[in-house]
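To start, the structure under review is shown below, and the notes come after it.
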Number of protein chains: 2
Amino acid sequence: MPNINGQRVVADLKQLADFGRYKTGVHRPTYSPVDVESRHWLAEKFREAGLDPVIDGVGNVIGRNPSARRHLLVGSHSETQPYGGWLDGALGVIYGLELARAFAADPGCAGLGIEVAAWADEEGHYQSFLGSHSFTDMLSEEQIDRVRGRDDGTPLREALQRAGFAGRPRERADPQRYVGYLEAHIEQGDTLDTSELRIGVVETIVGIWNYRVSVTGEQNHAGTTRMVRRKDAGVAMVRLASRIHDHFPEIAGPRTVWTIGRIVIEPNAPSVIPGHGEMQVQFRDADPQRLALFDRTLHELVADADRAGPCRVAIEAMARSEPRPMDSGFQAQIEAAAERHAPGMHMRLPSAAGHDAAVLSYRMPAGMMFIPSLGGISHHWSEDSKEEDIVLGARVFADAAERILRAA
Amino acid sequence: MPNINGQRVVADLKQLADFGRYKTGVHRPTYSPVDVESRHWLAEKFREAGLDPVIDGVGNVIGRNPSARRHLLVGSHSETQPYGGWLDGALGVIYGLELARAFAADPGCAGLGIEVAAWADEEGHYQSFLGSHSFTDMLSEEQIDRVRGRDDGTPLREALQRAGFAGRPRERADPQRYVGYLEAHIEQGDTLDTSELRIGVVETIVGIWNYRVSVTGEQNHAGTTRMVRRKDAGVAMVRLASRIHDHFPEIAGPRTVWTIGRIVIEPNAPSVIPGHGEMQVQFRDADPQRLALFDRTLHELVADADRAGPCRVAIEAMARSEPRPMDSGFQAQIEAAAERHAPGMHMRLPSAAGHDAAVLSYRMPAGMMFIPSLGGISHHWSEDSKEEDIVLGARVFADAAERILRAA
């Protein structure tokens with residue numbers, strides 16, 4: 001198998017982390033100056049690895065292999081969450097780079113082409129999975145016109161202009177070209193860490209269903225409005241949120257998760273009865289039937305709350321991703337590679353986080369591999385993994401990629 | 001009794017509403033340019049009424065009567081809530097102005113001196129009751145140093161500088177000078193309106209107790225963190241808020257009100273488990289024992305929530321005003337005046353809103369009179385009262401003031 005240089009992998013990860021370093025993590029929002037610099041740096045690294053690099057119209061950095069007969073697309077995203085971790089996304093991109101170098105250097109791998117992608121904005125500073133959606137024909141020009149930055153409302157067009165990416169062609173997937181897509185990532189949860197296992201073979205990327213629930217009452221004076229006359233949107237919202245948290249455990253599977261991560265009431269002043277409220281409800285599961293059951297239950301709870309009054313309660317479905325099973329052949333190859341390099345130290349598990357691999361799976365066979373996250377910490381600058389797991393992961397990943405390319 | 005000019009009262013109210021007019025209401029935040037202009041206009045009107053006006057170091061406009069033997073202080077605040085009503089505060093100030101003119105013009109009232117106050121910032125753009133607290137020695141220079149605007153954080157010192165009030169002396173109450181303080185106000189609730197009564201005699205201004213409840217959990221990824229491992233501050237907060245709304249009705253009196261007007265969770269992002277939450281709980285009642293019972297119950301509910309885990313829940317008492325009974329003699333005089341001008345059309349009631357009269361009552365006998373609010377609407381630009389009630393209120397108020405001055 002191709003020879004992985006573990007020290008080079010770790011050194012490249014550390015160099016990439018210099019773009020926006022924050023404490024032991026990284027602050028590198030999509031299209032920020034450090035993100036743009038890092039994408040040019042990645043393109044140059046891809047070139048040094050013998051690939052033809054291009055940065056496309058949404059900032060995807062793609063390294064093409066000019067000579068191979070079979071191609072496996074390998075990558076992840078390269079921006080980070082705000083004050084996020086140094087490995088989230090970066091790990092999969094640098095693994096791709098290392099695989100490209102290792103395969104090119106190995107005469108036994110002649111004709112087996114690794115192509116590398118550093119997707120833009122998987123983390124959704126503008127829109128989640130923007131780069132992989134663009135690559136898979138799931139992003140229109142009209143959507144690009146409409147999207148704005150989630151923090152300061154900057155139009156995406158303006159951000160692309162400033163980044164220097166506006167006007168470039170957008171690269172599109174040619175499914176005929178690829179055997180498939182392979183992505184490595186930190187687990188972000190603590191399943192591997194607490195089980196003391198070292199490699200995770202992803203079976204499915206969970207579906208994530210999001211809703212906006214809005215409550216309309218009547219804003220009024222918190223002193224002079226008697227209790228019986230009130231239509232307090234805050235009361236209606238906390239009661240409904242409590243009922244959701246009471247009911248969901250009754251219908252949950254072993255790995256279902258649900259979150260009310262956003263709650264807003266208006267005018268949010270201590271002496272004013274809230275006239276309006278809004279919350280966002282999200283749930284995730286790998287089982288489509290479970291997701292449908294949660295959807296029905298949430299709609300029933302909202303309808304009950306609306307009927308009970310005195311506030312009006314409405315629900316609106318927002319972003320919804322379906323569970324995406326990973327290619328079963330790819331799973332078997334990753335598992336075989338893991339068993340060779342870390343016998344008995346691997347497991348199959350679903351991914352509870354969304355990943356570009358779910359998007360790519362609509363166009364080509366896709367697979368994912370996890371390495372352990374220390375304490376399951378994620379989306380925080382203190383996220384980390386053991387260096388020995390980073391190096392082992394690269395070996396298993398290269399072995400799996402070779403098996404997949406040879407089997408094609 | 002002194003002769004009230006109803007048309008002049010309405011005309012002055014309309015002219016004062018020109019400073020910051022918004023739809024049929026007024027937007028005149030404390031120390032905003034229109035608020036400063038309106039205070040200079042009021043000072044000039046006080047001068048025309050034969051008073052010696054002064055605008056003091058916090059913007060209180062006080063008109064002194066240079067010749068009378070007995071003095072009754074009459075007034076209210078002159079700034080408005082954001083996009084608030086045209087009568088809230090303004091009514092009591094213009095009544096005071098009209099009384100000063102009417103008493104001065106009536107030879108039978110020689111020696112009975114009406115002095116008028118337009119207090120600053122009762123509405124709390126910087127700090128609730130700032131002007132009346134300053135006048136009654138309940139505001140230190142250190143507090144003035146610390147206070148900032150509630151919306152944009154402007155230091156109070158800077159706002160006073162810009163308004164042109166910095167460096168002026170602050171006027172202080174001389175209790176020996178006054179028979180007492182009398183304030184007229186719109187009811188802000190719907191008790192008079194729904195009872196089809198025209199004058200309210202305030203018995204007590206309710207106590208208002210405020211608390212900040214904070215919840216500390218653990219911020220984490222909304223996908224990869226399993227439910228059993230979560231410490232979701234949002235869940236803990238909505239459950240506690242629901243329990244508060246369940247328990248308070250069991251211990252409430254007929255006029256107790258409670259409000260959770262402010263709820264904030266952090267980081268308030270759809271895919272992040274909230275790590276921290278905060279809410280403000282407020283309750284109001286005229287009965288000190290009822291307030292103490294609410295206080296104990298709230299502390300017990302918070303302690304229960306903290307014990308239940310997995311989040312830590314803490315409570316901190318914030319601003320607390322005690323119920324303030326109005327002077328019983330003043331109540332009798334207002335009632336007698338109401339019975340003369342609107343026989344059978346008046347009632348005694350508590351004030352569920354705070355007023356400067358509660359602050360003044362710590363230094364001198366104080367009384368309050370209400371006129372009806374249409375539909376009980378308050379703190380909104382659509383607040384209004386019938387013109388005939390405005391005019392009748394001025395007559396009753398003047399009669400009550402004369403009775404109080406003569407009885408002294």
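Following the order of the structure tokens, first chain is A, next is B, and so on, with residues numbered from 1 inside each chain and ligands from 1 in the order they appear.
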When you get a sec, could you note down which chain A residues fall within 7 Å of chain B, using only C-alpha atoms, as an mmCIF file with all heavy atoms, in the first residue's frame?
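Output saved as out21.cif:
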data_model
loop_
_atom_site.group_PDB
_atom_site.id
_atom_site.type_symbol
_atom_site.label_atom_id
_atom_site.label_comp_id
_atom_site.auth_asym_id
_atom_site.auth_seq_id
_atom_site.Cartn_x
_atom_site.Cartn_y
_atom_site.Cartn_z
ATOM 1 N N GLN A 188 -16.490 13.895 16.464
ATOM 2 C CA GLN A 188 -17.214 15.008 17.086
ATOM 3 C C GLN A 188 -18.051 14.555 18.275
ATOM 4 O O GLN A 188 -18.429 15.385 19.089
ATOM 5 C CB GLN A 188 -18.093 15.780 16.081
ATOM 6 C CG GLN A 188 -17.291 16.325 14.904
ATOM 7 C CD GLN A 188 -18.147 17.138 13.950
ATOM 8 O OE1 GLN A 188 -18.737 16.572 13.039
ATOM 9 N NE2 GLN A 188 -18.215 18.438 14.133
ATOM 10 N N GLY A 189 -18.367 13.302 18.356
ATOM 11 C CA GLY A 189 -19.041 12.762 19.528
ATOM 12 C C GLY A 189 -18.027 11.968 20.346
ATOM 13 O O GLY A 189 -16.828 11.964 20.046
ATOM 14 N N ASN A 220 -48.248 43.763 25.848
ATOM 15 C CA ASN A 220 -48.982 44.667 26.727
ATOM 16 C C ASN A 220 -48.174 44.976 27.976
ATOM 17 O O ASN A 220 -47.110 44.403 28.206
ATOM 18 C CB ASN A 220 -50.345 44.047 27.103
ATOM 19 C CG ASN A 220 -51.467 45.041 26.933
ATOM 20 O OD1 ASN A 220 -51.317 46.208 27.260
ATOM 21 N ND2 ASN A 220 -52.585 44.581 26.410
ATOM 22 N N HIS A 221 -48.725 45.871 28.805
ATOM 23 C CA HIS A 221 -48.064 46.358 30.018
ATOM 24 C C HIS A 221 -48.053 45.248 31.071
ATOM 25 O O HIS A 221 -49.087 44.647 31.356
ATOM 26 C CB HIS A 221 -48.838 47.570 30.517
ATOM 27 C CG HIS A 221 -48.149 48.348 31.599
ATOM 28 N ND1 HIS A 221 -47.982 47.875 32.868
ATOM 29 C CD2 HIS A 221 -47.591 49.579 31.582
ATOM 30 C CE1 HIS A 221 -47.361 48.794 33.596
ATOM 31 N NE2 HIS A 221 -47.106 49.852 32.832
ATOM 32 N N ALA A 222 -46.893 44.973 31.656
ATOM 33 C CA ALA A 222 -46.748 43.870 32.603
ATOM 34 C C ALA A 222 -47.327 44.188 33.975
ATOM 35 O O ALA A 222 -47.337 43.333 34.849
ATOM 36 C CB ALA A 222 -45.277 43.498 32.745
ATOM 37 N N GLY A 223 -47.812 45.410 34.180
ATOM 38 C CA GLY A 223 -48.432 45.740 35.462
ATOM 39 C C GLY A 223 -49.940 45.835 35.340
ATOM 40 O O GLY A 223 -50.681 45.241 36.117
ATOM 41 N N THR A 224 -50.394 46.569 34.344
ATOM 42 C CA THR A 224 -51.802 46.947 34.302
ATOM 43 C C THR A 224 -52.674 45.939 33.561
ATOM 44 O O THR A 224 -53.890 46.053 33.586
ATOM 45 C CB THR A 224 -51.943 48.326 33.636
ATOM 46 O OG1 THR A 224 -51.344 48.269 32.339
ATOM 47 C CG2 THR A 224 -51.252 49.394 34.459
ATOM 48 N N THR A 225 -52.062 44.945 32.913
ATOM 49 C CA THR A 225 -52.858 43.945 32.200
ATOM 50 C C THR A 225 -53.093 42.750 33.112
ATOM 51 O O THR A 225 -52.152 42.035 33.455
ATOM 52 C CB THR A 225 -52.133 43.491 30.915
ATOM 53 O OG1 THR A 225 -51.659 44.638 30.225
ATOM 54 C CG2 THR A 225 -53.070 42.696 30.027
ATOM 55 N N ARG A 226 -54.348 42.538 33.500
ATOM 56 C CA ARG A 226 -54.656 41.454 34.433
ATOM 57 C C ARG A 226 -54.359 40.099 33.798
ATOM 58 O O ARG A 226 -54.383 39.962 32.572
ATOM 59 C CB ARG A 226 -56.120 41.557 34.880
ATOM 60 C CG ARG A 226 -56.334 42.696 35.892
ATOM 61 C CD ARG A 226 -57.802 42.965 36.111
ATOM 62 N NE ARG A 226 -58.439 43.467 34.900
ATOM 63 C CZ ARG A 226 -59.690 43.176 34.534
ATOM 64 N NH1 ARG A 226 -60.437 42.386 35.264
ATOM 65 N NH2 ARG A 226 -60.191 43.699 33.424
ATOM 66 N N MET A 227 -54.072 39.095 34.615
ATOM 67 C CA MET A 227 -53.651 37.786 34.112
ATOM 68 C C MET A 227 -54.689 37.192 33.159
ATOM 69 O O MET A 227 -54.332 36.612 32.132
ATOM 70 C CB MET A 227 -53.387 36.809 35.267
ATOM 71 C CG MET A 227 -52.266 37.219 36.231
ATOM 72 S SD MET A 227 -50.703 37.730 35.460
ATOM 73 C CE MET A 227 -50.065 36.182 34.830
ATOM 74 N N VAL A 238 -42.814 28.689 26.304
ATOM 75 C CA VAL A 238 -42.121 27.806 27.257
ATOM 76 C C VAL A 238 -42.964 26.564 27.559
ATOM 77 O O VAL A 238 -42.424 25.475 27.755
ATOM 78 C CB VAL A 238 -41.688 28.536 28.561
ATOM 79 C CG1 VAL A 238 -40.703 29.658 28.242
ATOM 80 C CG2 VAL A 238 -42.860 29.041 29.368
ATOM 81 N N ARG A 239 -44.302 26.702 27.560
ATOM 82 C CA ARG A 239 -45.153 25.531 27.795
ATOM 83 C C ARG A 239 -45.027 24.535 26.637
ATOM 84 O O ARG A 239 -44.903 23.326 26.853
ATOM 85 C CB ARG A 239 -46.620 25.944 27.943
ATOM 86 C CG ARG A 239 -46.933 26.600 29.272
ATOM 87 C CD ARG A 239 -48.449 26.598 29.497
ATOM 88 N NE ARG A 239 -48.846 27.439 30.604
ATOM 89 C CZ ARG A 239 -48.722 27.105 31.890
ATOM 90 N NH1 ARG A 239 -48.174 25.946 32.214
ATOM 91 N NH2 ARG A 239 -49.120 27.936 32.832
ATOM 92 N N ALA A 241 -42.492 24.283 24.513
ATOM 93 C CA ALA A 241 -41.130 23.725 24.524
ATOM 94 C C ALA A 241 -41.031 22.615 25.576
ATOM 95 O O ALA A 241 -40.442 21.560 25.325
ATOM 96 C CB ALA A 241 -40.111 24.829 24.797
ATOM 97 N N SER A 242 -41.634 22.835 26.738
ATOM 98 C CA SER A 242 -41.607 21.806 27.789
ATOM 99 C C SER A 242 -42.328 20.544 27.325
ATOM 100 O O SER A 242 -41.861 19.419 27.561
ATOM 101 C CB SER A 242 -42.271 22.321 29.072
ATOM 102 O OG SER A 242 -41.457 23.274 29.696
ATOM 103 N N ARG A 255 -30.556 6.488 19.283
ATOM 104 C CA ARG A 255 -29.615 7.541 18.910
ATOM 105 C C ARG A 255 -30.303 8.810 18.408
ATOM 106 O O ARG A 255 -29.648 9.707 17.864
ATOM 107 C CB ARG A 255 -28.641 7.029 17.830
ATOM 108 C CG ARG A 255 -27.560 6.129 18.395
ATOM 109 C CD ARG A 255 -26.546 5.778 17.330
ATOM 110 N NE ARG A 255 -25.399 5.083 17.897
ATOM 111 C CZ ARG A 255 -24.306 5.680 18.348
ATOM 112 N NH1 ARG A 255 -24.202 7.002 18.310
ATOM 113 N NH2 ARG A 255 -23.301 4.974 18.832
ATOM 114 N N VAL A 257 -31.584 12.424 18.467
ATOM 115 C CA VAL A 257 -31.312 13.623 19.269
ATOM 116 C C VAL A 257 -32.233 14.740 18.804
ATOM 117 O O VAL A 257 -32.636 14.773 17.635
ATOM 118 C CB VAL A 257 -29.835 14.088 19.185
ATOM 119 C CG1 VAL A 257 -28.910 13.110 19.870
ATOM 120 C CG2 VAL A 257 -29.405 14.324 17.732
ATOM 121 N N THR A 259 -33.128 19.137 19.630
ATOM 122 C CA THR A 259 -32.585 20.347 20.231
ATOM 123 C C THR A 259 -33.485 21.533 19.905
ATOM 124 O O THR A 259 -33.925 21.682 18.765
ATOM 125 C CB THR A 259 -31.168 20.642 19.668
ATOM 126 O OG1 THR A 259 -30.376 19.465 19.793
ATOM 127 C CG2 THR A 259 -30.508 21.801 20.386
ATOM 128 N N ILE A 260 -33.786 22.331 20.933
ATOM 129 C CA ILE A 260 -34.355 23.655 20.694
ATOM 130 C C ILE A 260 -33.203 24.611 20.976
ATOM 131 O O ILE A 260 -32.932 24.965 22.124
ATOM 132 C CB ILE A 260 -35.573 23.934 21.606
ATOM 133 C CG1 ILE A 260 -36.675 22.905 21.315
ATOM 134 C CG2 ILE A 260 -36.093 25.355 21.385
ATOM 135 C CD1 ILE A 260 -37.896 23.025 22.212
ATOM 136 N N GLY A 261 -32.503 24.968 19.921
ATOM 137 C CA GLY A 261 -31.249 25.716 20.088
ATOM 138 C C GLY A 261 -31.445 27.216 20.040
ATOM 139 O O GLY A 261 -30.574 27.977 20.457
ATOM 140 N N ARG A 262 -32.606 27.628 19.499
ATOM 141 C CA ARG A 262 -32.834 29.054 19.341
ATOM 142 C C ARG A 262 -34.205 29.418 19.899
ATOM 143 O O ARG A 262 -35.218 28.804 19.522
ATOM 144 C CB ARG A 262 -32.752 29.419 17.853
ATOM 145 C CG ARG A 262 -32.775 30.895 17.590
ATOM 146 C CD ARG A 262 -32.500 31.202 16.117
ATOM 147 N NE ARG A 262 -32.993 32.512 15.809
ATOM 148 C CZ ARG A 262 -32.354 33.644 16.092
ATOM 149 N NH1 ARG A 262 -31.164 33.588 16.653
ATOM 150 N NH2 ARG A 262 -32.888 34.805 15.820
ATOM 151 N N ILE A 263 -34.234 30.376 20.809
ATOM 152 C CA ILE A 263 -35.469 30.876 21.413
ATOM 153 C C ILE A 263 -35.389 32.393 21.451
ATOM 154 O O ILE A 263 -34.416 32.948 21.958
ATOM 155 C CB ILE A 263 -35.653 30.344 22.860
ATOM 156 C CG1 ILE A 263 -35.805 28.815 22.874
ATOM 157 C CG2 ILE A 263 -36.844 31.015 23.531
ATOM 158 C CD1 ILE A 263 -35.958 28.225 24.271
ATOM 159 N N ILE A 265 -37.945 35.907 22.246
ATOM 160 C CA ILE A 265 -39.248 36.526 22.499
ATOM 161 C C ILE A 265 -39.129 38.029 22.278
ATOM 162 O O ILE A 265 -38.053 38.604 22.391
ATOM 163 C CB ILE A 265 -39.812 36.216 23.909
ATOM 164 C CG1 ILE A 265 -38.882 36.746 25.002
ATOM 165 C CG2 ILE A 265 -40.056 34.736 24.078
ATOM 166 C CD1 ILE A 265 -39.514 36.667 26.391
ATOM 167 N N ASN A 268 -38.851 41.318 24.551
ATOM 168 C CA ASN A 268 -37.781 40.842 25.440
ATOM 169 C C ASN A 268 -37.377 41.885 26.468
ATOM 170 O O ASN A 268 -36.196 42.089 26.732
ATOM 171 C CB ASN A 268 -36.565 40.391 24.613
ATOM 172 C CG ASN A 268 -35.828 39.218 25.269
ATOM 173 O OD1 ASN A 268 -36.430 38.429 26.005
ATOM 174 N ND2 ASN A 268 -34.541 39.115 25.018
ATOM 175 N N ALA A 269 -38.377 42.546 27.050
ATOM 176 C CA ALA A 269 -38.145 43.561 28.078
ATOM 177 C C ALA A 269 -38.848 43.112 29.355
ATOM 178 O O ALA A 269 -39.958 42.576 29.301
ATOM 179 C CB ALA A 269 -38.694 44.903 27.618
ATOM 180 N N PRO A 270 -38.192 43.305 30.521
ATOM 181 C CA PRO A 270 -38.699 42.731 31.774
ATOM 182 C C PRO A 270 -40.132 43.150 32.122
ATOM 183 O O PRO A 270 -40.861 42.380 32.730
ATOM 184 C CB PRO A 270 -37.723 43.274 32.828
ATOM 185 C CG PRO A 270 -36.540 43.766 32.102
ATOM 186 C CD PRO A 270 -36.938 44.028 30.686
ATOM 187 N N SER A 271 -40.549 44.368 31.733
ATOM 188 C CA SER A 271 -41.867 44.870 32.135
ATOM 189 C C SER A 271 -42.874 44.890 30.999
ATOM 190 O O SER A 271 -43.837 45.647 31.051
ATOM 191 C CB SER A 271 -41.727 46.277 32.726
ATOM 192 O OG SER A 271 -41.143 46.208 34.000
ATOM 193 N N VAL A 272 -42.629 44.091 29.975
ATOM 194 C CA VAL A 272 -43.572 44.057 28.862
ATOM 195 C C VAL A 272 -43.976 42.603 28.611
ATOM 196 O O VAL A 272 -43.123 41.713 28.544
ATOM 197 C CB VAL A 272 -42.947 44.659 27.575
ATOM 198 C CG1 VAL A 272 -43.997 44.712 26.471
ATOM 199 C CG2 VAL A 272 -42.367 46.035 27.846
ATOM 200 N N ILE A 273 -45.273 42.354 28.505
ATOM 201 C CA ILE A 273 -45.765 41.010 28.185
ATOM 202 C C ILE A 273 -45.363 40.693 26.751
ATOM 203 O O ILE A 273 -45.676 41.458 25.833
ATOM 204 C CB ILE A 273 -47.299 40.955 28.334
ATOM 205 C CG1 ILE A 273 -47.692 41.260 29.781
ATOM 206 C CG2 ILE A 273 -47.840 39.593 27.900
ATOM 207 C CD1 ILE A 273 -49.172 41.579 29.941
ATOM 208 N N PRO A 274 -44.646 39.581 26.534
ATOM 209 C CA PRO A 274 -44.181 39.257 25.183
ATOM 210 C C PRO A 274 -45.351 39.098 24.203
ATOM 211 O O PRO A 274 -46.305 38.372 24.487
ATOM 212 C CB PRO A 274 -43.449 37.921 25.358
ATOM 213 C CG PRO A 274 -43.069 37.864 26.803
ATOM 214 C CD PRO A 274 -44.163 38.603 27.529
ATOM 215 N N GLN A 280 -36.572 27.492 17.265
ATOM 216 C CA GLN A 280 -36.217 26.547 16.221
ATOM 217 C C GLN A 280 -36.027 25.176 16.854
ATOM 218 O O GLN A 280 -35.303 25.020 17.822
ATOM 219 C CB GLN A 280 -34.979 27.014 15.462
ATOM 220 C CG GLN A 280 -35.314 28.216 14.571
ATOM 221 C CD GLN A 280 -34.197 28.588 13.618
ATOM 222 O OE1 GLN A 280 -33.384 27.740 13.240
ATOM 223 N NE2 GLN A 280 -34.163 29.845 13.222
ATOM 224 N N ARG A 284 -32.680 14.722 14.764
ATOM 225 C CA ARG A 284 -31.809 13.970 13.867
ATOM 226 C C ARG A 284 -31.960 12.481 14.133
ATOM 227 O O ARG A 284 -32.032 12.052 15.297
ATOM 228 C CB ARG A 284 -30.326 14.328 14.115
ATOM 229 C CG ARG A 284 -30.026 15.798 14.036
ATOM 230 C CD ARG A 284 -28.551 16.052 14.321
ATOM 231 N NE ARG A 284 -28.262 17.476 14.323
ATOM 232 C CZ ARG A 284 -27.147 18.021 13.845
ATOM 233 N NH1 ARG A 284 -26.193 17.251 13.349
ATOM 234 N NH2 ARG A 284 -26.969 19.313 13.886
ATOM 235 N N ALA A 352 -23.855 11.503 13.521
ATOM 236 C CA ALA A 352 -24.933 12.364 14.013
ATOM 237 C C ALA A 352 -24.758 13.797 13.535
ATOM 238 O O ALA A 352 -25.625 14.633 13.751
ATOM 239 C CB ALA A 352 -24.979 12.312 15.529
ATOM 240 N N ALA A 353 -23.643 14.075 12.903
ATOM 241 C CA ALA A 353 -23.435 15.403 12.310
ATOM 242 C C ALA A 353 -23.599 15.283 10.805
ATOM 243 O O ALA A 353 -23.404 14.211 10.228
ATOM 244 C CB ALA A 353 -22.039 15.920 12.652
ATOM 245 N N SER A 378 -16.500 19.282 20.301
ATOM 246 C CA SER A 378 -16.564 19.693 18.901
ATOM 247 C C SER A 378 -17.087 21.115 18.798
ATOM 248 O O SER A 378 -17.757 21.603 19.717
ATOM 249 C CB SER A 378 -17.486 18.735 18.149
ATOM 250 O OG SER A 378 -17.707 19.184 16.844
ATOM 251 N N HIS A 379 -16.789 21.767 17.693
ATOM 252 C CA HIS A 379 -17.222 23.155 17.459
ATOM 253 C C HIS A 379 -16.767 24.067 18.597
ATOM 254 O O HIS A 379 -17.485 24.982 18.989
ATOM 255 C CB HIS A 379 -18.744 23.237 17.266
ATOM 256 C CG HIS A 379 -19.175 22.697 15.928
ATOM 257 N ND1 HIS A 379 -20.453 22.790 15.456
ATOM 258 C CD2 HIS A 379 -18.468 22.070 14.945
ATOM 259 C CE1 HIS A 379 -20.530 22.240 14.258
ATOM 260 N NE2 HIS A 379 -19.337 21.782 13.931
#
Can you list, as a ChimeraX atom specification, every protein, DNA or RNA residue that comes within 9 Å of His185 of chain A when you count only C-alpha atoms, leaving out same-chain residues fewer than 5 positions away?
/A:76,87-92,355,368-371
Would you mind exporting the chosen residues as a CSV table (one decimal), in the first residue's frame, restricted to N, CA and C atoms?
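again32.csv was written with the following content:
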chain,number,residue,atom,x,y,z
A,76,SER,N,-12.8,17.1,2.3
A,76,SER,CA,-13.7,17.6,3.3
A,76,SER,C,-13.7,19.2,3.2
A,87,LEU,N,-9.0,20.5,13.7
A,87,LEU,CA,-9.1,19.2,12.9
A,87,LEU,C,-10.4,19.1,12.1
A,88,ASP,N,-11.5,19.7,12.6
A,88,ASP,CA,-12.8,19.6,12.0
A,88,ASP,C,-12.7,20.1,10.6
A,89,GLY,N,-12.9,19.2,9.6
A,89,GLY,CA,-12.8,19.6,8.2
A,89,GLY,C,-11.3,19.5,7.7
A,90,ALA,N,-10.4,20.2,8.4
A,90,ALA,CA,-9.0,20.2,8.0
A,90,ALA,C,-8.5,18.8,7.9
A,91,LEU,N,-8.8,17.9,8.8
A,91,LEU,CA,-8.3,16.5,8.8
A,91,LEU,C,-8.5,15.8,7.5
A,92,GLY,N,-9.8,15.9,7.0
A,92,GLY,CA,-10.1,15.2,5.8
A,92,GLY,C,-9.5,15.8,4.5
A,355,HIS,N,-22.4,16.0,6.9
A,355,HIS,CA,-21.1,16.1,6.2
A,355,HIS,C,-21.3,16.2,4.7
A,368,MET,N,-17.4,7.2,4.5
A,368,MET,CA,-16.8,8.1,5.5
A,368,MET,C,-16.1,7.3,6.6
A,369,MET,N,-15.0,7.9,7.1
A,369,MET,CA,-14.3,7.2,8.2
A,369,MET,C,-14.1,8.3,9.3
A,370,PHE,N,-14.2,7.8,10.6
A,370,PHE,CA,-14.0,8.7,11.7
A,370,PHE,C,-12.8,8.3,12.5
A,371,ILE,N,-12.1,9.4,13.1
A,371,ILE,CA,-11.1,9.1,14.1
A,371,ILE,C,-11.7,9.7,15.4
Selected residue of minimal separation from Gly200 of chain B among B:Ile55, B:Ala336, B:Met318, B:Leu349, counting only C-alpha atoms:
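For Gly200 of chain B, the nearest of the candidates is B:Leu349.
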Determine which residues of segment 66-190 of chain A receive a DSSP assignment of strand (DSSP E or B), computed from the backbone, and state them as number ranges by chain.
A: 70-77, 84, 112-119, 148, 155, 178-186
Surrounding residues of Asp12 of chain B excluding itself and chain neighbours under 3 positions, 12 Å, only C-alpha atoms, as a PyMOL selection string:
chain B and resi 5-9+15-19+38+41-42+45-46+86-87+90-98+390
Atom-to-atom span, atom CA of Ala105 of chain B and atom CA of Glu388 of chain B, Å:
23.1 Å
Give the alpha helix (DSSP H) residues of segment 42-271 of chain B, as assigned by DSSP on the backbone, as an NGL selection string.
:B and (42-48 or 90-105 or 130-135 or 141-146 or 156-163 or 191-195 or 233-251)
Quick check, in Å to one decimal: how far apart do atom CA of Gly20 of chain A and atom CA of Glu79 of chain A lie?
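A separation of 9.8 Å between them.
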